[in-house]
Amino acid sequence: MTNVTLPLITLGALGDSINPCAIAVLVFLVTFLITIKKRGVKFLLIAFVYIFFVYLTYFLAGLGLLSSVQKLEIAHIVYRITAVVVILAGLVNIKDFFFSGRGFSLAIPESKKPIIKKYIQKASIPSAIVLGILVSLFELPCTGGIYLAVIGLLAEKATWTEGFLYLLYYNLIFVLPLIIIVLFSFFSLSSETINSWRKKNKRGMRLIMGISMILLGILMWVS
C-alpha cells in the first residue's frame with residue numbers, strides 16, 4: 001500500500017460527497033416529507049433508509065467492480081484510463097460552473113426524473129429503499145467519474161481486503177452531507193430554506209467537485 005492512497009481516496013470522497021445529484025434528490029424528499037407533515041420519527045426513518053440504501057448500493061457496486069478488475073488483472077490499464085476520464089469529467093463540471101445549462105453536462109438523465117419523483121411522492125419506507133437504489137444507479141453519469149477513479153486506484157495499489165475497508169470509508173464520507181442535511185432539516189430548517197440553499201450552491205458544488213476530480217486525476221497519474 002502506498003502512502004498516497006488514503007489522501008487520494010479522501011480527496012475523491014470529499015469531492016464526490018458534495019455532488020448535486022444525490023443532494024438534490026434528498027432535498028426534494030425532505031421537502032416533500034415536511035410538506036405532508038411527516039416530521040417525527042417517520043421522517044428520520046424514511047430519510048435514513050434512503051441514505052442507507054444509497055450507501056449500500058454504491059458500496060456493493062464499487063466492491064463488485066474492484067473484484068472484477070483485480071481478478072482480470074487489468075488494474076494498471078484501468079488505473080491509467082480512469083485518471084484521464086476523471087480529469088475530463090472534472091473539466092465538464094467546471095464548465096457547468098461558468099456555463100450552466102450549455103452543452104454536455106454530468107447529471108441524472110431527464111428521462112429518469114419522473115421515476116424518481118414518483119417514489120419521492122410515495123413517502124414510505126419501501127419507496128425510500130427503491131429510491132436509494134435507483135438514485136445510486138441513475139446518478140452514475142453525475143458522480144461515476146470519481147468513483148471509477150477511486151476503484152482504479154484501489155485495484156492498482158491495494159489488496160482486496162484493503163479495498164473493501166477503503167470503500168467502506170469512502171462511502172461513509174460520500175453520504176455524510178446527506179446525513180447532515182437530514183439532521184438540520186429535522187431540528188431547525190424549513191423546506192424553503194433547504195431548497196433555496198440547494199439552488200444557491202448548485203454551481204459552487206459543481207466547481208468544487210470539478211477541481212477535486214482534476215486534482216485526483218493528476219495525482220493518480222503522477223503517483
# chains A, B, ... in the order shown; residues from 1 in each chain; ligands from 1
$ residues_around --residues "Ile146 of chain A" --least-positions-apart "3" --cutoff "10 Å" --atoms "only C-alpha atoms" --output "VMD selection string"
chain A and resid 9 11 to 13 15 to 16 82 to 83 85 to 87 89 to 90 140 142 to 143 149 to 152 209 to 210 212 to 214 216 to 217
$ closest_residue --among "A:Ile120, A:Ala47, A:Leu91, A:Leu153" --to "Thr5 of chain A" --atoms "only C-alpha atoms"
A:Leu153
$ atom_distance --atom1 "atom CA of Ile34 of chain A" --atom2 "atom CA of Pro126 of chain A"
18.3 Å
$ atom_distance --atom1 "atom CA of Lys71 of chain A" --atom2 "atom CA of Tyr58 of chain A"
19.9 Å
$ closest_residue --among "A:Val69, A:Leu63, A:Ile74, A:Leu219" --to "Thr161 of chain A" --atoms "only C-alpha atoms"
A:Leu63
$ select_by_dssp --residues "chain A" --states "alpha helix (DSSP H)" --output "number ranges by chain"
A: 5-17, 20-35, 41-72, 75-98, 113-122, 125-138, 140-157, 160-187, 191-222
$ closest_residue --among "A:Tyr79, A:Trp221, A:Ile211, A:Arg203" --to "Phe99 of chain A" --atoms "only C-alpha atoms"
A:Arg203
$ closest_residue --among "A:Leu72, A:Leu215, A:Leu29, A:Ile116" --to "Phe48 of chain A" --atoms "only C-alpha atoms"
A:Leu29
$ atom_distance --atom1 "atom CA of Lys199 of chain A" --atom2 "atom CA of Ile125 of chain A"
26.8 Å
$ closest_residue --among "A:Ala123, A:Leu56, A:Met220, A:Ala128" --to "Val84 of chain A" --atoms "only C-alpha atoms"
A:Met220
